[in-house]
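Reproduced below: query_18.pdb, with PDB, C-alpha atoms, pLDDT in the B column.
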```pdb
ATOM      1  CA  ALA A  10     -19.059  -4.043  12.111  1.00 33.00           C
ATOM      2  CA  VAL A  11     -19.965  -7.667  11.533  1.00 33.00           C
ATOM      3  CA  VAL A  12     -17.215 -10.127  10.700  1.00 37.00           C
ATOM      4  CA  SER A  13     -18.229 -13.149   8.654  1.00 37.00           C
ATOM      5  CA  THR A  14     -17.416 -16.415  10.411  1.00 36.00           C
ATOM      6  CA  GLN A  15     -18.800 -18.561   7.613  1.00 41.00           C
ATOM      7  CA  SER A  16     -16.723 -20.279   4.953  1.00 41.00           C
ATOM      8  CA  THR A  17     -17.738 -18.925   1.551  1.00 48.00           C
ATOM      9  CA  GLY A  18     -16.541 -21.801  -0.580  1.00 59.00           C
ATOM     10  CA  SER A  19     -13.002 -22.635  -1.573  1.00 71.00           C
ATOM     11  CA  TYR A  20     -10.404 -19.853  -1.787  1.00 82.00           C
ATOM     12  CA  ARG A  21      -6.645 -19.469  -1.765  1.00 92.00           C
ATOM     13  CA  MET A  22      -5.958 -17.013   1.072  1.00 97.00           C
ATOM     14  CA  ARG A  23      -7.926 -14.731   3.362  1.00 98.00           C
ATOM     15  CA  LEU A  24      -6.870 -11.146   2.695  1.00 98.00           C
ATOM     16  CA  VAL A  25      -7.705  -8.198   4.931  1.00 98.00           C
ATOM     17  CA  ILE A  26      -7.465  -4.998   2.886  1.00 98.00           C
ATOM     18  CA  LEU A  27      -7.235  -1.554   4.481  1.00 98.00           C
ATOM     19  CA  GLY A  28      -8.065   1.398   2.264  1.00 97.00           C
ATOM     20  CA  ALA A  29     -10.221  -0.856   0.097  1.00 98.00           C
ATOM     21  CA  SER A  30     -12.504   1.951  -1.093  1.00 97.00           C
ATOM     22  CA  GLY A  31      -9.672   4.057  -2.521  1.00 96.00           C
ATOM     23  CA  GLN A  32      -8.689   3.951  -6.170  1.00 96.00           C
ATOM     24  CA  THR A  33      -5.813   1.516  -5.669  1.00 98.00           C
ATOM     25  CA  GLY A  34      -7.714  -0.387  -2.989  1.00 98.00           C
ATOM     26  CA  GLN A  35     -10.612  -1.123  -5.312  1.00 97.00           C
ATOM     27  CA  GLN A  36      -8.176  -2.450  -7.902  1.00 97.00           C
ATOM     28  CA  LEU A  37      -6.635  -4.665  -5.229  1.00 98.00           C
ATOM     29  CA  VAL A  38     -10.017  -6.003  -4.094  1.00 98.00           C
ATOM     30  CA  GLN A  39     -11.131  -6.885  -7.616  1.00 97.00           C
ATOM     31  CA  GLN A  40      -7.857  -8.497  -8.635  1.00 98.00           C
ATOM     32  CA  ALA A  41      -7.708 -10.471  -5.379  1.00 98.00           C
ATOM     33  CA  LEU A  42     -11.178 -11.840  -6.071  1.00 97.00           C
ATOM     34  CA  ASP A  43     -10.156 -12.630  -9.649  1.00 97.00           C
ATOM     35  CA  ARG A  44      -7.296 -14.696  -8.217  1.00 97.00           C
ATOM     36  CA  ASN A  45      -9.700 -16.647  -6.028  1.00 96.00           C
ATOM     37  CA  HIS A  46      -8.797 -15.090  -2.678  1.00 97.00           C
ATOM     38  CA  HIS A  47     -11.285 -14.321   0.063  1.00 97.00           C
ATOM     39  CA  VAL A  48     -11.296 -10.577   0.820  1.00 98.00           C
ATOM     40  CA  THR A  49     -12.354  -8.622   3.876  1.00 98.00           C
ATOM     41  CA  ALA A  50     -12.497  -4.990   2.766  1.00 98.00           C
ATOM     42  CA  LEU A  51     -12.192  -2.575   5.699  1.00 98.00           C
ATOM     43  CA  VAL A  52     -13.634   0.839   4.898  1.00 97.00           C
ATOM     44  CA  ARG A  53     -15.142   3.911   6.504  1.00 95.00           C
ATOM     45  CA  ASP A  54     -18.128   3.879   4.133  1.00 96.00           C
ATOM     46  CA  PRO A  55     -19.238   0.434   2.892  1.00 95.00           C
ATOM     47  CA  ALA A  56     -21.446   2.078   0.260  1.00 95.00           C
ATOM     48  CA  LYS A  57     -18.304   2.958  -1.701  1.00 94.00           C
ATOM     49  CA  ILE A  58     -17.674  -0.720  -2.473  1.00 95.00           C
ATOM     50  CA  GLU A  59     -19.955  -1.782  -5.306  1.00 93.00           C
ATOM     51  CA  THR A  60     -18.282  -5.130  -5.993  1.00 94.00           C
ATOM     52  CA  VAL A  61     -20.363  -8.162  -5.010  1.00 94.00           C
ATOM     53  CA  SER A  62     -18.897 -11.627  -4.453  1.00 95.00           C
ATOM     54  CA  GLU A  63     -19.465 -14.601  -2.180  1.00 95.00           C
ATOM     55  CA  ARG A  64     -15.777 -14.265  -1.285  1.00 96.00           C
ATOM     56  CA  LEU A  65     -16.052 -10.580  -0.301  1.00 97.00           C
ATOM     57  CA  VAL A  66     -16.943  -9.210   3.128  1.00 97.00           C
ATOM     58  CA  VAL A  67     -17.226  -5.426   3.340  1.00 97.00           C
ATOM     59  CA  ALA A  68     -16.928  -4.117   6.886  1.00 97.00           C
ATOM     60  CA  LYS A  69     -17.038  -0.636   8.333  1.00 97.00           C
ATOM     61  CA  CYS A  70     -13.968  -0.317  10.523  1.00 97.00           C
ATOM     62  CA  ASP A  71     -12.011   2.428  12.254  1.00 97.00           C
ATOM     63  CA  VAL A  72      -8.425   1.321  11.627  1.00 97.00           C
ATOM     64  CA  PHE A  73      -7.266   3.591  14.443  1.00 98.00           C
ATOM     65  CA  ASP A  74      -9.289   1.510  16.917  1.00 98.00           C
ATOM     66  CA  LYS A  75      -7.407  -1.688  17.718  1.00 98.00           C
ATOM     67  CA  SER A  76     -10.463  -3.307  19.280  1.00 98.00           C
ATOM     68  CA  ALA A  77     -12.319  -2.864  15.973  1.00 98.00           C
ATOM     69  CA  LEU A  78      -9.379  -3.988  13.848  1.00 98.00           C
ATOM     70  CA  LEU A  79      -8.336  -7.072  15.808  1.00 98.00           C
ATOM     71  CA  PRO A  80     -11.302  -9.394  14.998  1.00 98.00           C
ATOM     72  CA  HIS A  81     -10.726  -8.946  11.275  1.00 98.00           C
ATOM     73  CA  ILE A  82      -6.996  -9.590  11.518  1.00 98.00           C
ATOM     74  CA  GLN A  83      -7.637 -12.690  13.606  1.00 98.00           C
ATOM     75  CA  GLN A  84      -9.630 -14.156  10.714  1.00 97.00           C
ATOM     76  CA  GLY A  85      -7.184 -13.218   7.954  1.00 97.00           C
ATOM     77  CA  ASP A  86      -3.980 -14.690   6.573  1.00 97.00           C
ATOM     78  CA  VAL A  87      -2.457 -11.513   5.146  1.00 98.00           C
ATOM     79  CA  VAL A  88      -3.067  -7.815   5.838  1.00 98.00           C
ATOM     80  CA  MET A  89      -2.667  -5.398   2.920  1.00 98.00           C
ATOM     81  CA  SER A  90      -2.910  -1.621   3.055  1.00 98.00           C
ATOM     82  CA  THR A  91      -3.328   0.953   0.312  1.00 98.00           C
ATOM     83  CA  LEU A  92      -4.334   3.656   2.765  1.00 98.00           C
ATOM     84  CA  GLY A  93      -3.556   7.259   1.964  1.00 96.00           C
ATOM     85  CA  PHE A  94      -4.061  10.378   4.056  1.00 96.00           C
ATOM     86  CA  PRO A  95      -4.512  14.091   3.300  1.00 94.00           C
ATOM     87  CA  ILE A  96      -1.579  16.346   2.609  1.00 93.00           C
ATOM     88  CA  ALA A  97      -0.103  18.207   5.594  1.00 93.00           C
ATOM     89  CA  TRP A  98       2.040  21.315   5.421  1.00 89.00           C
ATOM     90  CA  SER A  99       4.131  21.609   8.566  1.00 90.00           C
ATOM     91  CA  SER A 100       4.662  18.155  10.082  1.00 96.00           C
ATOM     92  CA  PRO A 101       4.772  14.486   8.982  1.00 97.00           C
ATOM     93  CA  VAL A 102       1.470  12.714   8.365  1.00 98.00           C
ATOM     94  CA  LEU A 103       1.563  10.507  11.444  1.00 98.00           C
ATOM     95  CA  GLN A 104      -1.467   8.412  10.509  1.00 98.00           C
ATOM     96  CA  PHE A 105       0.776   6.099   8.489  1.00 98.00           C
ATOM     97  CA  ARG A 106       2.781   5.131  11.571  1.00 98.00           C
ATOM     98  CA  GLU A 107      -0.342   4.981  13.728  1.00 98.00           C
ATOM     99  CA  VAL A 108      -1.946   2.472  11.382  1.00 98.00           C
ATOM    100  CA  ALA A 109       1.279   0.455  11.152  1.00 98.00           C
ATOM    101  CA  THR A 110       1.434   0.376  14.958  1.00 98.00           C
ATOM    102  CA  ASN A 111      -2.160  -0.785  15.310  1.00 98.00           C
ATOM    103  CA  VAL A 112      -1.750  -3.441  12.627  1.00 98.00           C
ATOM    104  CA  SER A 113       1.495  -4.677  14.178  1.00 98.00           C
ATOM    105  CA  GLU A 114       0.047  -4.942  17.675  1.00 98.00           C
ATOM    106  CA  CYS A 115      -3.085  -6.690  16.421  1.00 98.00           C
ATOM    107  CA  MET A 116      -1.036  -9.138  14.370  1.00 98.00           C
ATOM    108  CA  LEU A 117       1.160  -9.935  17.346  1.00 98.00           C
ATOM    109  CA  GLU A 118      -1.907 -10.679  19.445  1.00 98.00           C
ATOM    110  CA  ALA A 119      -3.482 -12.712  16.654  1.00 98.00           C
ATOM    111  CA  GLY A 120      -0.306 -14.649  15.865  1.00 98.00           C
ATOM    112  CA  LYS A 121      -0.161 -13.368  12.276  1.00 98.00           C
ATOM    113  CA  ARG A 122       2.951 -12.278  10.390  1.00 98.00           C
ATOM    114  CA  ARG A 123       2.400 -11.243   6.757  1.00 98.00           C
ATOM    115  CA  VAL A 124       1.575  -7.604   5.967  1.00 98.00           C
ATOM    116  CA  ILE A 125       2.054  -5.524   2.816  1.00 98.00           C
ATOM    117  CA  PHE A 126       1.890  -1.727   2.757  1.00 98.00           C
ATOM    118  CA  MET A 127       1.774   0.534  -0.285  1.00 98.00           C
ATOM    119  CA  HIS A 128       3.851   3.671   0.130  1.00 98.00           C
ATOM    120  CA  ALA A 129       5.586   5.651  -2.634  1.00 98.00           C
ATOM    121  CA  TRP A 130       8.932   6.429  -4.192  1.00 98.00           C
ATOM    122  CA  TYR A 131      11.071   9.014  -2.380  1.00 97.00           C
ATOM    123  CA  THR A 132      10.026   8.319   1.220  1.00 98.00           C
ATOM    124  CA  ASN A 133      13.722   8.481   2.123  1.00 97.00           C
ATOM    125  CA  PRO A 134      14.659  12.179   1.777  1.00 96.00           C
ATOM    126  CA  GLU A 135      18.113  11.302   0.440  1.00 95.00           C
ATOM    127  CA  SER A 136      16.491   9.700  -2.610  1.00 96.00           C
ATOM    128  CA  GLN A 137      14.584  12.807  -3.624  1.00 95.00           C
ATOM    129  CA  ALA A 138      17.609  14.361  -5.296  1.00 94.00           C
ATOM    130  CA  LYS A 139      17.514  11.493  -7.807  1.00 94.00           C
ATOM    131  CA  SER A 140      14.273  12.675  -9.379  1.00 92.00           C
ATOM    132  CA  PRO A 141      15.008  13.939 -12.903  1.00 89.00           C
ATOM    133  CA  SER A 142      12.390  16.676 -12.564  1.00 88.00           C
ATOM    134  CA  TRP A 143      13.369  20.015 -11.031  1.00 89.00           C
ATOM    135  CA  ILE A 144       9.708  20.739 -10.340  1.00 91.00           C
ATOM    136  CA  ALA A 145       9.259  17.421  -8.549  1.00 90.00           C
ATOM    137  CA  ARG A 146      12.403  17.882  -6.428  1.00 90.00           C
ATOM    138  CA  ASN A 147      11.965  21.512  -5.495  1.00 90.00           C
ATOM    139  CA  ILE A 148       8.213  22.059  -5.450  1.00 92.00           C
ATOM    140  CA  PHE A 149       6.154  18.870  -5.467  1.00 90.00           C
ATOM    141  CA  MET A 150       8.155  16.918  -2.878  1.00 91.00           C
ATOM    142  CA  LYS A 151       8.881  19.926  -0.689  1.00 89.00           C
ATOM    143  CA  PHE A 152       5.547  21.708  -0.680  1.00 90.00           C
ATOM    144  CA  VAL A 153       2.888  19.223  -1.838  1.00 93.00           C
ATOM    145  CA  ILE A 154       3.584  15.657  -0.669  1.00 95.00           C
ATOM    146  CA  GLY A 155       6.713  16.126   1.428  1.00 96.00           C
ATOM    147  CA  GLN A 156       4.982  15.533   4.752  1.00 97.00           C
ATOM    148  CA  VAL A 157       3.088  12.548   3.339  1.00 97.00           C
ATOM    149  CA  LEU A 158       6.406  10.987   2.317  1.00 97.00           C
ATOM    150  CA  ALA A 159       7.850  11.806   5.751  1.00 98.00           C
ATOM    151  CA  GLY A 160       4.924  10.045   7.426  1.00 98.00           C
ATOM    152  CA  MET A 161       5.408   6.985   5.251  1.00 98.00           C
ATOM    153  CA  ARG A 162       9.091   6.922   6.155  1.00 98.00           C
ATOM    154  CA  LEU A 163       8.264   6.966   9.878  1.00 98.00           C
ATOM    155  CA  SER A 164       6.036   3.951   9.277  1.00 98.00           C
ATOM    156  CA  GLU A 165       8.849   2.125   7.464  1.00 98.00           C
ATOM    157  CA  GLN A 166      11.282   2.819  10.280  1.00 98.00           C
ATOM    158  CA  TYR A 167       8.758   1.511  12.801  1.00 98.00           C
ATOM    159  CA  LEU A 168       8.143  -1.675  10.815  1.00 98.00           C
ATOM    160  CA  GLU A 169      11.863  -2.371  10.690  1.00 98.00           C
ATOM    161  CA  THR A 170      11.776  -2.743  14.502  1.00 98.00           C
ATOM    162  CA  GLN A 171       8.922  -5.284  14.510  1.00 98.00           C
ATOM    163  CA  ASP A 172      10.575  -8.704  14.568  1.00 98.00           C
ATOM    164  CA  HIS A 173       7.265 -10.598  14.536  1.00 98.00           C
ATOM    165  CA  LEU A 174       6.233  -9.212  11.128  1.00 98.00           C
ATOM    166  CA  ASP A 175       7.036 -10.410   7.623  1.00 98.00           C
ATOM    167  CA  TYR A 176       6.362  -6.980   6.175  1.00 98.00           C
ATOM    168  CA  THR A 177       6.886  -5.603   2.693  1.00 98.00           C
ATOM    169  CA  CYS A 178       6.665  -1.905   1.946  1.00 98.00           C
ATOM    170  CA  ILE A 179       5.950  -1.490  -1.759  1.00 98.00           C
ATOM    171  CA  LEU A 180       7.135   1.857  -3.117  1.00 98.00           C
ATOM    172  CA  PRO A 181       5.603   2.559  -6.547  1.00 98.00           C
ATOM    173  CA  ALA A 182       6.199   5.445  -8.899  1.00 94.00           C
ATOM    174  CA  GLY A 183       3.566   8.175  -9.336  1.00 94.00           C
ATOM    175  CA  LEU A 184       0.122   6.599  -9.595  1.00 96.00           C
ATOM    176  CA  CYS A 185      -2.192   6.838 -12.586  1.00 95.00           C
ATOM    177  CA  ASN A 186      -5.505   5.284 -13.565  1.00 94.00           C
ATOM    178  CA  SER A 187      -4.484   3.243 -16.595  1.00 93.00           C
ATOM    179  CA  HIS A 188      -5.689  -0.320 -17.105  1.00 94.00           C
ATOM    180  CA  VAL A 189      -3.728  -3.237 -15.730  1.00 95.00           C
ATOM    181  CA  THR A 190      -0.900  -4.344 -18.001  1.00 94.00           C
ATOM    182  CA  GLU A 191       1.276  -7.409 -18.406  1.00 94.00           C
ATOM    183  CA  LEU A 192       4.458  -5.361 -18.391  1.00 94.00           C
ATOM    184  CA  PRO A 193       7.348  -6.840 -16.388  1.00 95.00           C
ATOM    185  CA  PHE A 194       8.260  -5.149 -13.142  1.00 97.00           C
ATOM    186  CA  THR A 195      11.579  -3.729 -12.092  1.00 97.00           C
ATOM    187  CA  ALA A 196      11.925  -4.161  -8.319  1.00 97.00           C
ATOM    188  CA  ARG A 197      14.840  -3.338  -6.029  1.00 97.00           C
ATOM    189  CA  ASP A 198      15.157  -3.662  -2.281  1.00 98.00           C
ATOM    190  CA  GLY A 199      16.570  -0.912  -0.113  1.00 95.00           C
ATOM    191  CA  GLU A 200      16.096   1.724  -2.794  1.00 96.00           C
ATOM    192  CA  TRP A 201      13.557   4.492  -2.585  1.00 97.00           C
ATOM    193  CA  CYS A 202      13.218   5.240  -6.301  1.00 97.00           C
ATOM    194  CA  LEU A 203      14.145   3.727  -9.665  1.00 96.00           C
ATOM    195  CA  PRO A 204      15.651   6.451 -11.855  1.00 93.00           C
ATOM    196  CA  ASP A 205      15.775   4.090 -14.832  1.00 92.00           C
ATOM    197  CA  CYS A 206      11.982   3.570 -14.773  1.00 94.00           C
ATOM    198  CA  PRO A 207       9.200   5.962 -15.804  1.00 93.00           C
ATOM    199  CA  GLU A 208       7.911   8.063 -12.911  1.00 90.00           C
ATOM    200  CA  ARG A 209       4.398   6.687 -13.246  1.00 93.00           C
ATOM    201  CA  ILE A 210       2.676   3.356 -12.782  1.00 96.00           C
ATOM    202  CA  ALA A 211      -0.938   2.247 -13.055  1.00 96.00           C
ATOM    203  CA  ARG A 212      -2.706   1.662  -9.761  1.00 97.00           C
ATOM    204  CA  ALA A 213      -3.890  -1.597 -11.279  1.00 98.00           C
ATOM    205  CA  ASP A 214      -0.287  -2.695 -11.790  1.00 98.00           C
ATOM    206  CA  VAL A 215       0.592  -1.816  -8.193  1.00 98.00           C
ATOM    207  CA  ALA A 216      -2.274  -4.063  -7.078  1.00 98.00           C
ATOM    208  CA  ARG A 217      -0.992  -6.765  -9.426  1.00 98.00           C
ATOM    209  CA  TYR A 218       2.469  -6.594  -7.866  1.00 98.00           C
ATOM    210  CA  MET A 219       1.171  -6.630  -4.297  1.00 98.00           C
ATOM    211  CA  LEU A 220      -0.699  -9.845  -5.042  1.00 98.00           C
ATOM    212  CA  ASP A 221       2.274 -11.336  -6.881  1.00 97.00           C
ATOM    213  CA  VAL A 222       4.432 -11.133  -3.730  1.00 98.00           C
ATOM    214  CA  LEU A 223       1.871 -12.412  -1.223  1.00 97.00           C
ATOM    215  CA  GLU A 224       3.869 -15.581  -0.561  1.00 96.00           C
ATOM    216  CA  ASP A 225       7.251 -14.479  -1.915  1.00 97.00           C
ATOM    217  CA  GLU A 226       9.620 -14.960   0.998  1.00 97.00           C
ATOM    218  CA  THR A 227      12.306 -12.922  -0.778  1.00 97.00           C
ATOM    219  CA  SER A 228      10.083  -9.890  -0.234  1.00 98.00           C
ATOM    220  CA  TYR A 229       9.753 -10.404   3.522  1.00 98.00           C
ATOM    221  CA  ARG A 230      11.097  -7.592   5.720  1.00 98.00           C
ATOM    222  CA  LYS A 231      11.912  -5.480   2.678  1.00 98.00           C
ATOM    223  CA  ILE A 232      11.361  -1.913   1.532  1.00 98.00           C
ATOM    224  CA  ARG A 233      11.059  -2.367  -2.208  1.00 98.00           C
ATOM    225  CA  SER A 234      10.716   0.170  -5.012  1.00 98.00           C
ATOM    226  CA  ILE A 235       8.872  -0.960  -8.114  1.00 98.00           C
ATOM    227  CA  GLY A 236       8.362   0.334 -11.630  1.00 97.00           C
ATOM    228  CA  VAL A 237       7.351  -0.899 -15.057  1.00 93.00           C
ATOM    229  CA  ASN A 238       8.555  -0.215 -18.555  1.00 82.00           C
ATOM    230  CA  GLY A 239       6.232   2.168 -20.357  1.00 64.00           C
ATOM    231  CA  PRO A 240       5.706   5.735 -21.547  1.00 55.00           C
ATOM    232  CA  ALA A 241       6.944   8.487 -19.275  1.00 51.00           C
ATOM    233  CA  ALA A 242       4.468  10.951 -17.788  1.00 46.00           C
ATOM    234  CA  SER A 243       4.905  14.665 -17.327  1.00 45.00           C
ATOM    235  CA  ILE A 244       5.220  15.947 -13.778  1.00 45.00           C
ATOM    236  CA  PHE A 245       1.898  17.715 -14.239  1.00 45.00           C
ATOM    237  CA  GLN A 246       0.159  14.389 -14.951  1.00 47.00           C
ATOM    238  CA  ILE A 247       1.726  12.847 -11.864  1.00 46.00           C
ATOM    239  CA  ILE A 248       0.739  15.787  -9.628  1.00 48.00           C
ATOM    240  CA  SER A 249      -2.852  15.766 -10.872  1.00 48.00           C
ATOM    241  CA  GLU A 250      -3.146  12.005 -10.281  1.00 50.00           C
ATOM    242  CA  GLN A 251      -1.682  12.226  -6.772  1.00 47.00           C
ATOM    243  CA  ILE A 252      -3.975  15.078  -5.752  1.00 45.00           C
ATOM    244  CA  ALA A 253      -6.979  13.208  -7.173  1.00 46.00           C
ATOM    245  CA  ASP A 254      -6.177  10.222  -4.956  1.00 50.00           C
TER     246      ASP A 254
END
```
Here is the file; what I need is its structure written in the form of structure tokens.
Amino acid sequence: AVVSTQSTGSYRMRLVILGASGQTGQQLVQQALDRNHHVTALVRDPAKIETVSERLVVAKCDVFDKSALLPHIQQGDVVMSTLGFPIAWSSPVLQFREVATNVSECMLEAGKRRVIFMHAWYTNPESQAKSPSWIARNIFMKFVIGQVLAGMRLSEQYLETQDHLDYTCILPAGLCNSHVTELPFTARDGEWCLPDCPERIARADVARYMLDVLEDETSYRKIRSIGVNGPAASIFQIISEQIAD
């Protein structure tokens, strides 16, 4: 993969985005460009990124290969990840922690600190009982995304040990494909769900929040659940959106 070493005009910050070709990742790329950031989008298949901008570099990169990841992190100011991985049935999805480990080690070598990961509500198993939906508690979280949530939680626990990182783990409600809104966010640290918020949020709004806290020092070294005010979704809508991702 080729890393651009040329300045592409004036910009606010240099963002390195992992998972940029996913549904949330593409929202993040576009909104970051709209806010006048420079974006390096790291993807497995560059053809999936159709956006064109003088402030966008699209690079094929294996995020599990530190030697491939390091040059991009060295040239960035902030690393952001919307990576997701396939459902597993019998053990935690360890790719989340593997990516967090690679990012952390590369950032230490590069002298960088700021990283933002997107996870999900309910990564802490104790929080899952707070879901108002019996189906979500007893079927969806146990048999569909339980091991994904467990993998995310392992990543969070690892990040908490990394003193050189100003990390934020953003935990949104169930994702959907609605347009970006201007709705205010509810955000709480050290909580793994927000029972007073609808159990859905637009991917575009998650991207909006991630960009809002880029330089917010109150979000550093925090695991933060977010939600917005809006119409509630049925558990079937949430499941279909999560599987589609």
> Contacts of Ser30 in chain A at 9 Å or less, counting all atoms listed in the file, minus same-chain residues fewer than 3 places along, as a PyMOL selection string?
Replying inline: chain A and resi 27+33-35+38+50-55+57-58
Hey, which bits of range 120-207 of chain A sit within 10 Å of range 220-225 of chain A, and for each residue what's the closest pair of atoms and how far apart in Å (one decimal), counting only C-alpha atoms, rows by chain and increasing number, as CSV?
```
residue,atom,partner,partner_atom,distance
A:Arg123,CA,A:Leu223,CA,8.1
A:Val124,CA,A:Leu223,CA,8.7
A:Ile125,CA,A:Leu223,CA,8.0
A:Thr177,CA,A:Val222,CA,8.8
A:Ile179,CA,A:Val222,CA,10.0
```
> Selected by the PyMOL selection byres ((chain A and resi 46) around 8) in the shown coordinates: which residues, as a list in words?
Replying inline: Tyr20, Arg21, Met22, Arg23, Leu24, Ala41, Leu42, Asp43, Arg44, Asn45, His47, Val48 and Arg64 of chain A
Using the selection just defined, write its residues with C-alpha atoms as a tab-separated table (two decimals), keeping the file's coordinate frame.
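Below is the file selection_24.tsv, written as the result:
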```tsv
chain	number	residue	atom	x	y	z
A	20	TYR	CA	-10.40	-19.85	-1.79
A	21	ARG	CA	-6.64	-19.47	-1.76
A	22	MET	CA	-5.96	-17.01	1.07
A	23	ARG	CA	-7.93	-14.73	3.36
A	24	LEU	CA	-6.87	-11.15	2.70
A	41	ALA	CA	-7.71	-10.47	-5.38
A	42	LEU	CA	-11.18	-11.84	-6.07
A	43	ASP	CA	-10.16	-12.63	-9.65
A	44	ARG	CA	-7.30	-14.70	-8.22
A	45	ASN	CA	-9.70	-16.65	-6.03
A	47	HIS	CA	-11.28	-14.32	0.06
A	48	VAL	CA	-11.30	-10.58	0.82
A	64	ARG	CA	-15.78	-14.26	-1.28
```
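If all atoms listed in the file are the atoms counted, then among A:Leu158, A:Val72, A:Cys185, A:Val67 the closest residue to Glu135 in chain A is A:Leu158.
CA of Ser228 in chain A is positioned 27.4 Å from CA of Pro141 in chain A.
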Please tell me which residues are no farther than 12 Å from (-1.3, 3.9, 1.9) in the file, counting only C-alpha atoms, and write them as an mmCIF file with C-alpha atoms, keeping the file's coordinate frame.
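Output saved as result_11.cif:
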```cif
data_model
loop_
_atom_site.group_PDB
_atom_site.id
_atom_site.type_symbol
_atom_site.label_atom_id
_atom_site.label_comp_id
_atom_site.auth_asym_id
_atom_site.auth_seq_id
_atom_site.Cartn_x
_atom_site.Cartn_y
_atom_site.Cartn_z
ATOM 1 C CA ILE A 26 -7.465 -4.998 2.886
ATOM 2 C CA LEU A 27 -7.235 -1.554 4.481
ATOM 3 C CA GLY A 28 -8.065 1.398 2.264
ATOM 4 C CA ALA A 29 -10.221 -0.856 0.097
ATOM 5 C CA SER A 30 -12.504 1.951 -1.093
ATOM 6 C CA GLY A 31 -9.672 4.057 -2.521
ATOM 7 C CA GLN A 32 -8.689 3.951 -6.170
ATOM 8 C CA THR A 33 -5.813 1.516 -5.669
ATOM 9 C CA GLY A 34 -7.714 -0.387 -2.989
ATOM 10 C CA MET A 89 -2.667 -5.398 2.920
ATOM 11 C CA SER A 90 -2.910 -1.621 3.055
ATOM 12 C CA THR A 91 -3.328 0.953 0.312
ATOM 13 C CA LEU A 92 -4.334 3.656 2.765
ATOM 14 C CA GLY A 93 -3.556 7.259 1.964
ATOM 15 C CA PHE A 94 -4.061 10.378 4.056
ATOM 16 C CA PRO A 95 -4.512 14.091 3.300
ATOM 17 C CA VAL A 102 1.470 12.714 8.365
ATOM 18 C CA LEU A 103 1.563 10.507 11.444
ATOM 19 C CA GLN A 104 -1.467 8.412 10.509
ATOM 20 C CA PHE A 105 0.776 6.099 8.489
ATOM 21 C CA ARG A 106 2.781 5.131 11.571
ATOM 22 C CA GLU A 107 -0.342 4.981 13.728
ATOM 23 C CA VAL A 108 -1.946 2.472 11.382
ATOM 24 C CA ALA A 109 1.279 0.455 11.152
ATOM 25 C CA ILE A 125 2.054 -5.524 2.816
ATOM 26 C CA PHE A 126 1.890 -1.727 2.757
ATOM 27 C CA MET A 127 1.774 0.534 -0.285
ATOM 28 C CA HIS A 128 3.851 3.671 0.130
ATOM 29 C CA ALA A 129 5.586 5.651 -2.634
ATOM 30 C CA VAL A 157 3.088 12.548 3.339
ATOM 31 C CA LEU A 158 6.406 10.987 2.317
ATOM 32 C CA GLY A 160 4.924 10.045 7.426
ATOM 33 C CA MET A 161 5.408 6.985 5.251
ATOM 34 C CA ARG A 162 9.091 6.922 6.155
ATOM 35 C CA SER A 164 6.036 3.951 9.277
ATOM 36 C CA GLU A 165 8.849 2.125 7.464
ATOM 37 C CA CYS A 178 6.665 -1.905 1.946
ATOM 38 C CA ILE A 179 5.950 -1.490 -1.759
ATOM 39 C CA LEU A 180 7.135 1.857 -3.117
ATOM 40 C CA PRO A 181 5.603 2.559 -6.547
ATOM 41 C CA LEU A 184 0.122 6.599 -9.595
ATOM 42 C CA ARG A 212 -2.706 1.662 -9.761
ATOM 43 C CA VAL A 215 0.592 -1.816 -8.193
ATOM 44 C CA ASP A 254 -6.177 10.222 -4.956
#
```
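Interatomic distance, CA of Glu59 in chain A against CA of His81 in chain A: 20.3 Å.
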>> Counting all atoms listed in the file, I want the residues whose atoms come within 8 Å of (11.9, 4.2, -1.3) in the file frame, returned as a PyMOL selection string.
In response: chain A and resi 129-133+136+180+199-202+232-234
Could you expand the PyMOL selection byres ((chain A and resi 191) around 12) into the explicit residues it covers here, written as a CSV table (one decimal) with C-alpha atoms, in the coordinates of the input?
```csv
chain,number,residue,atom,x,y,z
A,188,HIS,CA,-5.7,-0.3,-17.1
A,189,VAL,CA,-3.7,-3.2,-15.7
A,190,THR,CA,-0.9,-4.3,-18.0
A,192,LEU,CA,4.5,-5.4,-18.4
A,193,PRO,CA,7.3,-6.8,-16.4
A,194,PHE,CA,8.3,-5.1,-13.1
A,211,ALA,CA,-0.9,2.2,-13.1
A,213,ALA,CA,-3.9,-1.6,-11.3
A,214,ASP,CA,-0.3,-2.7,-11.8
A,215,VAL,CA,0.6,-1.8,-8.2
A,217,ARG,CA,-1.0,-6.8,-9.4
A,218,TYR,CA,2.5,-6.6,-7.9
A,237,VAL,CA,7.4,-0.9,-15.1
A,238,ASN,CA,8.6,-0.2,-18.6
A,239,GLY,CA,6.2,2.2,-20.4
```
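Residue nearest Ala97 in chain A, chosen from A:Phe73, A:Tyr229, A:Tyr167, A:Phe152 and counting all atoms listed in the file: A:Phe152.
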>> When you count all atoms listed in the file, which of these residues is closest to Ser62 in chain A: A:Cys206, A:Val87, A:Arg230, A:Gln39?
In response: A:Gln39
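For the atom pair formed by CA of Pro204 in chain A and CA of Ile96 in chain A, the distance is 24.6 Å, given to one decimal.
Of the listed residues A:Arg122, A:Lys151, A:Lys231, A:Lys139, the one whose atoms come nearest to Val88 in chain A is A:Arg122, with distances taken using all atoms listed in the file.
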